[in-house]
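Colleague: The file below is input.txt, compact mmCIF, C-alpha atoms and all ligand atoms:
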# COMPACT_ATOMS: atom_id res chain seq x y z
CA MET A 1 0.00 0.00 0.00
CA SER A 2 1.25 3.50 -0.77
CA LYS A 3 1.80 5.99 2.04
CA ILE A 4 -1.10 8.33 2.76
CA ASN A 5 -0.73 11.94 1.72
CA ILE A 6 -1.10 13.61 5.10
CA GLU A 7 -0.84 17.12 3.63
CA LYS A 8 -3.86 16.40 1.50
CA LEU A 9 -5.77 14.48 4.12
CA ALA A 10 -5.32 16.80 7.07
CA ASN A 11 -7.27 19.78 8.27
CA SER A 12 -4.81 22.54 7.30
CA GLY A 13 -5.17 24.04 10.77
CA ALA A 14 -4.11 20.77 12.39
CA LEU A 15 -0.99 20.68 10.23
CA ARG A 16 0.03 24.12 11.47
CA THR A 17 -0.15 23.31 15.18
CA LYS A 18 2.89 23.02 17.38
CA LYS A 19 3.16 19.77 19.31
CA TYR A 20 2.24 20.07 22.98
CA ILE A 21 5.14 18.53 24.87
CA PRO A 22 4.04 17.38 28.34
CA GLY A 23 6.44 16.90 31.24
CA LYS A 24 8.41 13.66 31.05
CA SER A 25 6.94 10.83 33.10
CA LYS A 26 8.92 8.85 35.69
CA GLN A 27 8.42 5.70 33.60
CA GLU A 28 9.90 7.39 30.51
CA VAL A 29 12.99 8.49 32.43
CA GLU A 30 13.35 5.05 34.01
CA ARG A 31 13.23 3.49 30.54
CA GLU A 32 15.46 6.03 28.81
CA LEU A 33 18.15 6.54 31.45
CA GLY A 34 17.83 3.34 33.43
CA LEU A 35 17.43 5.37 36.63
CA LYS A 36 15.45 4.48 39.74
CA ASP A 37 14.02 6.68 42.47
CA ILE A 38 12.98 9.50 40.21
CA ILE A 39 11.10 12.61 41.29
CA LYS A 40 8.83 14.54 38.94
CA LEU A 41 8.44 18.27 39.47
CA ALA A 42 7.33 18.97 35.93
CA SER A 43 3.56 19.02 35.57
CA ASN A 44 2.25 21.07 38.50
CA GLU A 45 0.61 18.05 40.08
CA ASN A 46 -0.37 17.90 43.74
CA PRO A 47 2.36 16.24 45.84
CA HIS A 48 -0.26 15.33 48.50
CA GLY A 49 -2.10 13.02 46.14
CA SER A 50 -5.81 13.63 46.05
CA SER A 51 -8.68 14.03 48.45
CA PRO A 52 -9.37 10.89 50.51
CA PHE A 53 -13.07 11.68 49.98
CA ALA A 54 -12.54 11.12 46.25
CA GLY A 55 -10.74 7.84 46.91
CA GLU A 56 -13.62 6.59 49.07
CA ALA A 57 -16.24 7.66 46.54
CA LEU A 58 -14.45 5.82 43.74
CA LYS A 59 -14.61 2.53 45.64
CA GLY A 60 -18.38 2.62 45.28
CA LEU A 61 -18.09 2.53 41.50
CA ALA A 62 -16.98 -1.08 41.14
CA GLY A 63 -19.61 -2.88 39.08
CA LYS A 64 -21.23 0.35 37.87
CA VAL A 65 -18.98 1.44 35.05
CA ASN A 66 -20.87 -0.44 32.33
CA ILE A 67 -23.39 2.42 32.31
CA TYR A 68 -22.77 5.72 30.50
CA PRO A 69 -22.46 8.72 32.76
CA ASP A 70 -25.04 11.52 32.87
CA LYS A 71 -24.36 13.32 29.55
CA VAL A 72 -24.70 16.75 31.12
CA SER A 73 -23.09 15.92 34.49
CA THR A 74 -26.09 17.33 36.37
CA ASP A 75 -24.87 16.56 39.90
CA LEU A 76 -21.41 17.99 39.31
CA ARG A 77 -22.77 21.13 37.67
CA ARG A 78 -25.28 21.53 40.51
CA LYS A 79 -22.49 21.31 43.08
CA LEU A 80 -20.36 23.81 41.13
CA ALA A 81 -23.37 26.14 40.88
CA GLU A 82 -23.81 25.92 44.65
CA LEU A 83 -20.12 26.66 45.27
CA THR A 84 -19.81 29.51 42.78
CA GLY A 85 -23.26 31.06 43.09
CA CYS A 86 -23.69 30.80 39.29
CA ARG A 87 -26.64 29.16 37.57
CA GLU A 88 -26.28 25.53 36.43
CA ALA A 89 -26.99 26.74 32.89
CA GLU A 90 -23.88 28.92 33.14
CA ILE A 91 -21.58 25.99 33.89
CA THR A 92 -20.08 23.48 31.49
CA VAL A 93 -17.75 20.66 32.48
CA GLY A 94 -15.09 18.92 30.45
CA ASN A 95 -12.24 16.47 30.29
CA GLY A 96 -9.96 18.67 32.36
CA ALA A 97 -9.55 22.39 31.75
CA ASP A 98 -7.91 21.31 28.48
CA GLY A 99 -11.17 19.68 27.45
CA VAL A 100 -13.09 22.86 28.29
CA ILE A 101 -10.61 24.97 26.26
CA TYR A 102 -11.08 22.66 23.27
CA ASN A 103 -14.87 22.57 23.64
CA LEU A 104 -15.05 26.35 23.85
CA GLY A 105 -12.64 26.75 20.95
CA MET A 106 -14.81 24.48 18.78
CA ALA A 107 -17.86 26.52 19.71
CA VAL A 108 -16.46 29.98 18.99
CA ILE A 109 -13.31 30.11 16.83
CA ASP A 110 -14.03 30.39 13.12
CA GLN A 111 -11.67 30.38 10.16
CA GLU A 112 -9.59 33.61 10.02
CA ASP A 113 -10.86 34.85 13.40
CA GLU A 114 -8.12 36.67 15.26
CA VAL A 115 -7.40 35.32 18.72
CA ILE A 116 -5.05 37.27 20.98
CA ILE A 117 -2.70 35.14 23.04
CA PRO A 118 0.20 36.40 25.21
CA GLU A 119 3.54 35.31 23.77
CA VAL A 120 4.48 33.48 26.98
CA THR A 121 1.59 31.38 28.23
CA PHE A 122 -0.07 27.96 28.26
CA PRO A 123 0.41 26.43 24.76
CA VAL A 124 -3.00 24.79 24.39
CA TYR A 125 -4.64 28.15 23.50
CA GLU A 126 -2.48 28.40 20.40
CA ILE A 127 -3.13 24.78 19.43
CA ILE A 128 -6.93 25.01 19.50
CA THR A 129 -6.88 28.36 17.68
CA GLN A 130 -4.79 26.83 14.91
CA VAL A 131 -6.86 23.66 14.71
CA MET A 132 -9.93 25.84 14.17
CA ARG A 133 -7.98 27.77 11.51
CA GLY A 134 -8.13 30.99 13.48
CA ARG A 135 -5.22 33.42 13.41
CA VAL A 136 -3.06 33.76 16.50
CA VAL A 137 -2.14 37.35 17.33
CA TYR A 138 0.60 37.39 19.98
CA SER A 139 0.56 40.05 22.65
CA LYS A 140 3.67 41.16 24.50
CA VAL A 141 4.94 39.83 27.80
CA ARG A 142 7.22 42.39 29.45
CA GLU A 143 9.50 41.41 32.30
CA LEU A 144 7.56 38.17 32.47
CA ARG A 145 4.22 39.96 32.98
CA ILE A 146 1.33 39.89 30.50
CA ASP A 147 1.01 43.35 28.97
CA LEU A 148 -2.71 44.23 29.13
CA PRO A 149 -2.43 47.53 27.16
CA ASP A 150 -0.71 45.58 24.37
CA ILE A 151 -3.67 43.18 24.26
CA LEU A 152 -6.07 46.13 23.98
CA ALA A 153 -3.92 47.65 21.24
CA GLY A 154 -4.10 44.37 19.31
CA ILE A 155 -7.90 44.25 19.14
CA THR A 156 -9.31 44.70 15.62
CA SER A 157 -12.72 44.17 14.02
CA LYS A 158 -11.61 40.56 13.40
CA THR A 159 -10.76 39.77 17.04
CA LYS A 160 -12.95 36.97 18.31
CA ALA A 161 -11.36 36.18 21.64
CA ILE A 162 -8.53 36.83 24.06
CA PHE A 163 -6.93 34.06 26.09
CA LEU A 164 -5.69 35.19 29.45
CA CYS A 165 -4.08 32.85 31.94
CA ASN A 166 -4.13 34.32 35.43
CA PRO A 167 -2.03 33.38 37.33
CA ASN A 168 0.02 32.73 34.24
CA ASN A 169 1.73 29.48 33.33
CA PRO A 170 4.79 29.26 33.05
CA THR A 171 5.63 32.45 35.00
CA GLY A 172 3.44 32.00 38.10
CA ASP A 173 2.81 35.76 38.00
CA THR A 174 -0.63 37.17 38.70
CA LEU A 175 -1.97 40.47 37.39
CA PRO A 176 -3.08 43.11 39.91
CA PRO A 177 -6.86 42.72 40.33
CA GLN A 178 -7.61 46.42 39.80
CA GLU A 179 -5.70 46.42 36.50
CA LEU A 180 -7.45 43.29 35.39
CA THR A 181 -10.90 44.64 36.25
CA ALA A 182 -10.18 47.90 34.38
CA PHE A 183 -8.95 45.84 31.42
CA PHE A 184 -12.11 43.70 31.36
CA ARG A 185 -14.20 46.84 31.13
CA GLN A 186 -12.18 48.15 28.18
CA VAL A 187 -12.49 45.02 26.05
CA PRO A 188 -15.31 45.50 23.53
CA GLU A 189 -18.43 43.47 24.38
CA GLU A 190 -18.22 41.40 21.21
CA VAL A 191 -14.74 40.09 22.08
CA LEU A 192 -14.77 37.05 24.34
CA ILE A 193 -12.32 37.09 27.26
CA ILE A 194 -11.33 33.53 28.08
CA LEU A 195 -9.85 33.66 31.56
CA ASP A 196 -8.02 30.49 32.52
CA GLU A 197 -7.81 30.31 36.31
CA ALA A 198 -6.31 26.82 36.57
CA TYR A 199 -4.13 27.99 39.51
CA ILE A 200 -6.50 30.43 41.21
CA ASP A 201 -6.86 28.18 44.27
CA PHE A 202 -3.19 28.91 45.10
CA THR A 203 -3.56 32.68 44.84
CA ASP A 204 -3.93 34.83 47.91
CA LYS A 205 -7.58 35.97 48.11
CA SER A 206 -6.51 39.63 48.16
CA LEU A 207 -5.00 39.15 44.69
CA ASN A 208 -7.97 37.32 43.24
CA PRO A 209 -9.78 39.51 40.69
CA ASP A 210 -13.17 38.05 41.79
CA SER A 211 -13.84 37.03 38.22
CA ILE A 212 -16.98 35.15 39.20
CA GLY A 213 -18.33 38.23 40.96
CA LEU A 214 -17.63 40.31 37.84
CA PHE A 215 -19.36 37.73 35.66
CA LYS A 216 -22.39 37.61 37.94
CA GLY A 217 -22.36 41.40 37.99
CA GLY A 218 -23.03 41.42 34.23
CA LEU A 219 -19.64 41.06 32.50
CA ASN A 220 -21.13 38.97 29.74
CA ASN A 221 -18.09 38.52 27.52
CA LEU A 222 -16.18 36.68 30.23
CA PHE A 223 -15.68 32.92 30.20
CA ILE A 224 -13.84 31.51 33.22
CA ILE A 225 -12.03 28.17 33.13
CA ARG A 226 -11.02 26.19 36.21
CA THR A 227 -9.74 22.71 36.97
CA LEU A 228 -9.74 20.06 39.65
CA SER A 229 -6.33 18.83 38.44
CA LYS A 230 -4.15 21.09 40.55
CA ALA A 231 -5.23 22.05 44.10
CA TYR A 232 -7.85 19.25 44.13
CA GLY A 233 -5.27 16.69 43.00
CA LEU A 234 -7.37 15.01 40.28
CA ALA A 235 -5.03 15.46 37.29
CA GLY A 236 -5.24 11.76 36.42
CA ILE A 237 -9.03 11.73 36.47
CA ARG A 238 -9.55 14.72 34.15
CA VAL A 239 -12.20 17.15 35.23
CA GLY A 240 -12.43 20.87 34.67
CA TYR A 241 -15.21 23.41 34.27
CA GLY A 242 -16.12 26.63 32.54
CA ILE A 243 -18.40 29.45 33.61
CA GLY A 244 -19.94 31.74 31.03
CA PRO A 245 -23.14 33.21 29.68
CA GLY A 246 -25.93 30.60 29.41
CA GLU A 247 -26.28 30.85 25.62
CA LEU A 248 -22.58 30.30 25.09
CA VAL A 249 -22.46 27.44 27.60
CA SER A 250 -25.37 25.84 25.79
CA LEU A 251 -23.48 26.04 22.47
CA VAL A 252 -20.35 24.59 24.08
CA ASN A 253 -22.43 21.72 25.44
CA GLN A 254 -23.92 21.19 21.99
CA VAL A 255 -20.55 20.68 20.30
CA LYS A 256 -18.56 18.92 22.98
CA PRO A 257 -18.08 15.15 22.85
CA PRO A 258 -20.91 13.35 24.63
CA PHE A 259 -19.82 11.82 27.95
CA ASP A 260 -16.44 13.61 27.98
CA VAL A 261 -16.69 13.73 31.77
CA SER A 262 -16.65 10.09 32.78
CA LEU A 263 -18.64 8.58 35.63
CA ILE A 264 -15.36 8.26 37.52
CA ALA A 265 -14.54 11.93 36.96
CA GLU A 266 -17.97 13.10 38.05
CA VAL A 267 -18.01 11.00 41.23
CA ALA A 268 -14.43 11.89 42.20
CA GLY A 269 -14.96 15.54 41.36
CA LEU A 270 -18.10 15.79 43.48
CA ALA A 271 -16.36 14.21 46.45
CA ALA A 272 -13.21 16.33 46.10
CA LEU A 273 -15.21 19.55 45.94
CA ALA A 274 -16.63 18.72 49.38
CA ASP A 275 -13.18 18.19 50.95
CA SER A 276 -12.15 21.62 52.18
CA ALA A 277 -9.62 20.09 54.64
CA PHE A 278 -7.65 18.63 51.72
CA ILE A 279 -7.56 21.96 49.91
CA GLN A 280 -6.47 23.71 53.09
CA ALA A 281 -3.65 21.20 53.65
CA THR A 282 -2.55 21.66 50.03
CA LEU A 283 -2.46 25.44 50.38
CA THR A 284 -0.63 25.40 53.70
CA HIS A 285 1.97 23.08 52.19
CA SER A 286 2.42 25.18 49.06
CA ILE A 287 2.90 28.39 51.08
CA ARG A 288 5.51 26.70 53.28
CA GLU A 289 7.37 25.11 50.37
CA LYS A 290 7.36 28.34 48.39
CA SER A 291 9.19 30.07 51.27
CA TYR A 292 11.67 27.21 51.31
CA PHE A 293 12.22 27.65 47.55
CA TYR A 294 12.73 31.41 47.87
CA GLN A 295 15.18 30.93 50.72
CA GLU A 296 17.22 28.34 48.79
CA LEU A 297 17.09 30.34 45.54
CA ASP A 298 18.32 33.43 47.36
CA LYS A 299 21.22 31.40 48.76
CA LEU A 300 22.08 30.33 45.20
CA LYS A 301 21.65 33.96 44.08
CA LEU A 302 19.27 32.91 41.32
CA LYS A 303 16.52 35.08 39.90
CA TYR A 304 12.94 33.81 40.03
CA VAL A 305 9.39 35.05 39.66
CA ILE A 306 7.32 35.35 42.85
CA SER A 307 4.74 32.63 42.33
CA HIS A 308 0.99 32.68 42.90
CA THR A 309 0.73 29.05 41.84
CA ASN A 310 2.20 25.67 42.78
CA PHE A 311 5.30 26.10 40.59
CA ILE A 312 8.21 28.52 40.29
CA LEU A 313 9.99 29.87 37.22
CA ILE A 314 13.70 30.03 37.89
CA ASP A 315 16.38 31.72 35.82
CA THR A 316 19.34 29.37 36.12
CA GLY A 317 21.70 31.71 34.25
CA PHE A 318 22.76 28.74 32.09
CA ASP A 319 21.25 27.08 29.05
CA ALA A 320 17.96 25.61 30.32
CA SER A 321 18.32 22.37 28.32
CA ASP A 322 21.74 21.80 29.81
CA ILE A 323 20.47 22.28 33.37
CA PHE A 324 17.39 20.18 32.57
CA ASP A 325 19.62 17.30 31.41
CA ARG A 326 21.90 17.58 34.42
CA LEU A 327 18.90 17.45 36.74
CA LEU A 328 17.44 14.55 34.79
CA SER A 329 20.65 12.56 35.11
CA ARG A 330 20.17 12.94 38.89
CA GLY A 331 16.61 11.62 38.65
CA VAL A 332 14.90 15.02 38.92
CA ILE A 333 12.39 15.91 36.21
CA VAL A 334 11.59 19.61 35.76
CA ARG A 335 10.42 21.59 32.74
CA SER A 336 12.72 23.63 30.53
CA ALA A 337 11.17 26.98 29.56
CA LYS A 338 13.14 27.14 26.31
CA GLY A 339 9.98 26.49 24.32
CA TYR A 340 8.75 29.87 25.60
CA ASN A 341 11.96 31.57 24.45
CA LEU A 342 13.06 31.79 28.08
CA ASP A 343 16.35 30.18 27.22
CA THR A 344 17.86 30.07 30.68
CA CYS A 345 14.72 29.31 32.70
CA ILE A 346 13.25 26.16 34.17
CA ARG A 347 9.79 25.72 35.66
CA VAL A 348 9.69 23.63 38.80
CA THR A 349 6.58 22.30 40.55
CA LEU A 350 6.59 22.45 44.35
CA GLY A 351 6.95 18.84 45.43
CA GLY A 352 6.80 17.27 48.86
CA HIS A 353 9.42 18.74 51.22
CA GLU A 354 11.89 15.87 50.79
CA GLU A 355 11.56 16.10 47.03
CA ASN A 356 12.25 19.82 47.19
CA VAL A 357 15.35 19.27 49.31
CA ARG A 358 16.51 16.74 46.74
CA PHE A 359 15.80 19.17 43.92
CA PHE A 360 18.03 21.82 45.52
CA GLN A 361 20.79 19.31 46.14
CA ALA A 362 20.64 18.35 42.44
CA LEU A 363 20.33 21.96 41.27
CA GLY A 364 23.39 23.01 43.30
CA GLU A 365 25.40 20.21 41.68
CA ALA A 366 24.05 20.93 38.19
CA LEU A 367 24.92 24.63 38.46
CA LYS A 368 28.45 23.84 39.67
CA GLU A 369 29.01 21.43 36.78
CA ALA A 370 27.61 23.88 34.25
CA ALA A 371 29.84 26.65 35.60
CA ALA A 372 32.89 24.37 35.49
CA LYS A 373 32.14 23.39 31.89
CA GLY A 374 31.40 26.98 30.93
CA ALA A 375 27.99 25.85 29.59
CA PHE A 376 26.23 28.56 27.55
C1 LIG B 401 -2.93 27.23 32.67
C2 LIG B 401 -3.43 25.86 32.50
N1 LIG B 401 -4.65 25.68 32.00
C3 LIG B 401 -5.16 24.46 31.83
C4 LIG B 401 -4.43 23.34 32.16
C5 LIG B 401 -5.02 22.00 31.91
O1 LIG B 401 -5.46 21.44 33.09
P1 LIG B 401 -6.29 20.11 33.10
O2 LIG B 401 -5.44 19.10 33.75
O3 LIG B 401 -7.50 20.44 33.91
O4 LIG B 401 -6.64 19.77 31.70
C6 LIG B 401 -3.16 23.47 32.70
C7 LIG B 401 -2.36 22.28 33.04
O5 LIG B 401 -1.21 22.31 33.31
C8 LIG B 401 -2.64 24.77 32.87
O6 LIG B 401 -1.41 24.97 33.34
In structure tokens, write the structure found in this file.
Ligand SMILES: Cc1ncc(COP(=O)(O)O)c(C=O)c1O
Modeller:
Amino acid sequence: MSKINIEKLANSGALRTKKYIPGKSKQEVERELGLKDIIKLASNENPHGSSPFAGEALKGLAGKVNIYPDKVSTDLRRKLAELTGCREAEITVGNGADGVIYNLGMAVIDQEDEVIIPEVTFPVYEIITQVMRGRVVYSKVRELRIDLPDILAGITSKTKAIFLCNPNNPTGDTLPPQELTAFFRQVPEEVLIILDEAYIDFTDKSLNPDSIGLFKGGLNNLFIIRTLSKAYGLAGIRVGYGIGPGELVSLVNQVKPPFDVSLIAEVAGLAALADSAFIQATLTHSIREKSYFYQELDKLKLKYVISHTNFILIDTGFDASDIFDRLLSRGVIVRSAKGYNLDTCIRVTLGGHEENVRFFQALGEALKEAAAKGAF
């Protein structure tokens, strides 16, 4: 049989997309480098595991998974409505926040629509825009902060949507709430603001822009995305949600894959949302470990961004791939930020305390080696 002609077969938008490269898994590193006792600080997962409530609830599912889940995840959406004070009709759920981003993208992005995306941010926004054959318009990031005036300056009659990640990944920076609120009010009504708050649970309340309050107060071009993957520790189960105007949510629900939130995801999600003690323990841990990181980074005289998330962007001063490899050879997986044109930076998830101590031991050694070899 002859080879297929992928150029001819493919959606031209799909051909244009960049590959999303996830953090390396422990198994991959075990296989590739033959190492044991690996730690992964690469995907902003919760080092505490997940809520014991979720674990208990999942046990009850044995023997029930032959039945399709509720197509519209009524119980989960009801619980989210109760927690957020929004109407059920304003809430859509998906296969992680990624699933919600894709579902929303399918519902709104048309061929040649302009979509404004900060030049340093979560890569999935660019991928879905390209798949839908929209046009990505990059906005500036200055000193690792999203430049809101530059976004406003980039709006044209063709702009369909703006993606805004706050706090931002990979920087961990959060925008001042007053600036953000003023920005929201300046965006024309017909331009959709897609606000990804995947890390909002880690942000100090005083820095939270109260996006839900603004939405409920009538900001009708705002669509908020959140996830249970991070603070709630359900990354492996895949559940996220979006909050937006009822008509838009209804369209998103119309185009999204049926049953994209599995029975397992709905049951675990519902249980995790009720476990405030788990969230509290996660937050207490992340605050403590962040101070430990800052203290150790200061000792190493490295630059970093103050983080409002569960990860920290560190400027190693050396080529990020080189440091990444040196850490990997010591069994420590982090994320190089080279793909964001931050050539000397790595992004490191806060692990458990012992993992963090091990990371700093490995980082100290890696930096010494790099300095000795004159890397960069
Ligand atoms: C900013 C941001 N949005 C969305 C996601 C996707 O999260 P989920 O696991 O819910 O798909 C991530 C995951 O890392 C993220 O960093």
Colleague: For a cut-off of 8 Å around (11.0, 24.4, 35.2), file coordinates, pick out all residues using all atoms listed in the file and list them as a compact mmCIF listing (two decimals) with C-alpha atoms, keeping the file's coordinate frame.
Modeller:
# COMPACT_ATOMS: atom_id res chain seq x y z
CA LEU A 41 8.44 18.27 39.47
CA ALA A 42 7.33 18.97 35.93
CA ILE A 312 8.21 28.52 40.29
CA LEU A 313 9.99 29.87 37.22
CA ILE A 314 13.70 30.03 37.89
CA VAL A 334 11.59 19.61 35.76
CA ARG A 335 10.42 21.59 32.74
CA SER A 336 12.72 23.63 30.53
CA ALA A 337 11.17 26.98 29.56
CA CYS A 345 14.72 29.31 32.70
CA ILE A 346 13.25 26.16 34.17
CA ARG A 347 9.79 25.72 35.66
CA VAL A 348 9.69 23.63 38.80
CA THR A 349 6.58 22.30 40.55
Colleague: With only C-alpha atoms as the basis for distance, which of A:Val115, A:Val120, A:Ile200, A:Leu342 is at the shortest distance from Thr159 (chain A)?
Modeller: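 Checking each of A:Val115, A:Val120, A:Ile200, A:Leu342 against Thr159 (chain A), counting only C-alpha atoms, the winner is A:Val115.
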Colleague: Neighbouring residues of ligand LIG 401 (chain B) are defined here as those with any atom at most 10 Å from a ligand atom, counting all atoms listed in the file; list them as a ChimeraX atom specification.
Modeller: /A:22-23,42-45,94-102,121-125,164-170,172,195-200,225-230,233-241,309,311
Colleague: Using only C-alpha atoms, find the one residue out of A:Val255, A:Ile212, A:Leu76, A:Ala231 that sits nearest to Ser50 (chain A).
Modeller: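 Comparing A:Val255, A:Ile212, A:Leu76, A:Ala231 against Ser50 (chain A), the winner is A:Ala231.
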Colleague: Choose the residue, out of A:Pro188, A:Thr92, A:Asp343, A:Glu179, that has the smallest atom-to-atom separation from Leu80 (chain A); count only C-alpha atoms.
Modeller: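 Closest to Leu80 (chain A) of all the choices is A:Thr92.
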Colleague: Determine the nearest neighbour of Lys140 (chain A) from the options A:Glu266, A:Leu152, A:Glu126, A:Phe360, counting only C-alpha atoms.
Modeller: A:Leu152
Colleague: Using only C-alpha atoms, determine which residues lie at most 12 Å from Glu354 (chain A), disregarding the query and same-chain residues fewer than 3 positions distant; provide the list as a list in words.
Modeller: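 The filter keeps Ile39, Pro47, Glu289, Tyr292, Leu350, Gly351, Val357, Arg358, Phe359, Phe360 and Gln361 of chain A.
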Colleague: Ranking A:Phe293, A:Asp319, A:Ile306, A:Pro257 by minimum distance to Gly352 (chain A) and counting only C-alpha atoms, which one comes first?
Modeller: A:Phe293
Colleague: Quote the spacing between CA of Asn310 (chain A) and CA of Thr171 (chain A) in Å to one decimal place.
Modeller: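 Computed distance, CA of Asn310 (chain A) to CA of Thr171 (chain A), equals 10.9 Å.
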Colleague: Hey, what's within 9 Å of Val187 (chain A) if we count only C-alpha atoms and toss same-chain stuff fewer than 4 positions away? As a VMD selection string, please?
Modeller: chain A and resid 152 155 183 191 to 193 221
Colleague: Between A:Glu88, A:Gly213, A:Thr17, A:Ser286, which one has atoms that come closest to Asp75 (chain A), using only C-alpha atoms?
Modeller: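 Result for the nearest residue to Asp75 (chain A): A:Glu88.
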Colleague: Residues within 12 Å of Thr84 (chain A), please, as a list in words. Count only C-alpha atoms; anything in the same chain fewer than 6 positions from it doesn't count.
Modeller: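 Counting only C-alpha atoms, the residues come to Arg77, Arg78, Glu90, Ile91, Asp210, Ser211, Ile212, Gly213, Phe215, Lys216, Ile224, Arg226, Tyr241, Gly242, Ile243, Gly244 and Leu273 of chain A.
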Colleague: Could I see region 188-203 of chain A restored to N, CA, C and O atoms, set down as a compact mmCIF listing (two decimals), in the frame of the given file?
Modeller:
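Final output, saved to rebuild_28.txt:
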# COMPACT_ATOMS: atom_id res chain seq x y z
N PRO A 188 -13.98 45.35 24.13
CA PRO A 188 -15.31 45.50 23.53
C PRO A 188 -16.19 44.28 23.82
O PRO A 188 -15.70 43.15 23.88
N GLU A 189 -17.48 44.53 23.98
CA GLU A 189 -18.43 43.47 24.38
C GLU A 189 -18.42 42.25 23.46
O GLU A 189 -18.67 41.14 23.89
N GLU A 190 -18.14 42.51 22.16
CA GLU A 190 -18.22 41.40 21.21
C GLU A 190 -16.96 40.52 21.21
O GLU A 190 -16.91 39.51 20.53
N VAL A 191 -15.96 40.91 21.99
CA VAL A 191 -14.74 40.09 22.08
C VAL A 191 -14.82 39.25 23.36
O VAL A 191 -15.00 39.79 24.45
N LEU A 192 -14.67 37.96 23.18
CA LEU A 192 -14.77 37.05 24.34
C LEU A 192 -13.44 37.02 25.11
O LEU A 192 -12.38 36.80 24.52
N ILE A 193 -13.52 37.22 26.42
CA ILE A 193 -12.32 37.09 27.26
C ILE A 193 -12.37 35.70 27.89
O ILE A 193 -13.28 35.38 28.65
N ILE A 194 -11.38 34.89 27.53
CA ILE A 194 -11.33 33.53 28.08
C ILE A 194 -10.28 33.55 29.19
O ILE A 194 -9.08 33.68 28.93
N LEU A 195 -10.74 33.49 30.40
CA LEU A 195 -9.85 33.66 31.56
C LEU A 195 -9.59 32.29 32.18
O LEU A 195 -10.49 31.69 32.78
N ASP A 196 -8.38 31.81 32.01
CA ASP A 196 -8.02 30.49 32.52
C ASP A 196 -7.47 30.67 33.94
O ASP A 196 -6.38 31.23 34.12
N GLU A 197 -8.22 30.18 34.90
CA GLU A 197 -7.81 30.31 36.31
C GLU A 197 -7.45 28.95 36.89
O GLU A 197 -7.83 28.61 38.02
N ALA A 198 -6.68 28.17 36.13
CA ALA A 198 -6.31 26.82 36.57
C ALA A 198 -5.63 26.84 37.96
O ALA A 198 -5.74 25.89 38.72
N TYR A 199 -4.92 27.95 38.26
CA TYR A 199 -4.13 27.99 39.51
C TYR A 199 -4.72 28.93 40.56
O TYR A 199 -4.05 29.26 41.53
N ILE A 200 -5.94 29.39 40.34
CA ILE A 200 -6.50 30.43 41.21
C ILE A 200 -6.60 29.97 42.67
O ILE A 200 -6.52 30.80 43.58
N ASP A 201 -6.73 28.66 42.89
CA ASP A 201 -6.86 28.18 44.27
C ASP A 201 -5.59 28.45 45.08
O ASP A 201 -5.63 28.46 46.31
N PHE A 202 -4.47 28.67 44.40
CA PHE A 202 -3.19 28.91 45.10
C PHE A 202 -2.94 30.40 45.33
O PHE A 202 -1.95 30.77 45.96
N THR A 203 -3.80 31.24 44.78
CA THR A 203 -3.56 32.68 44.84
C THR A 203 -4.16 33.27 46.11
O THR A 203 -5.28 32.92 46.48
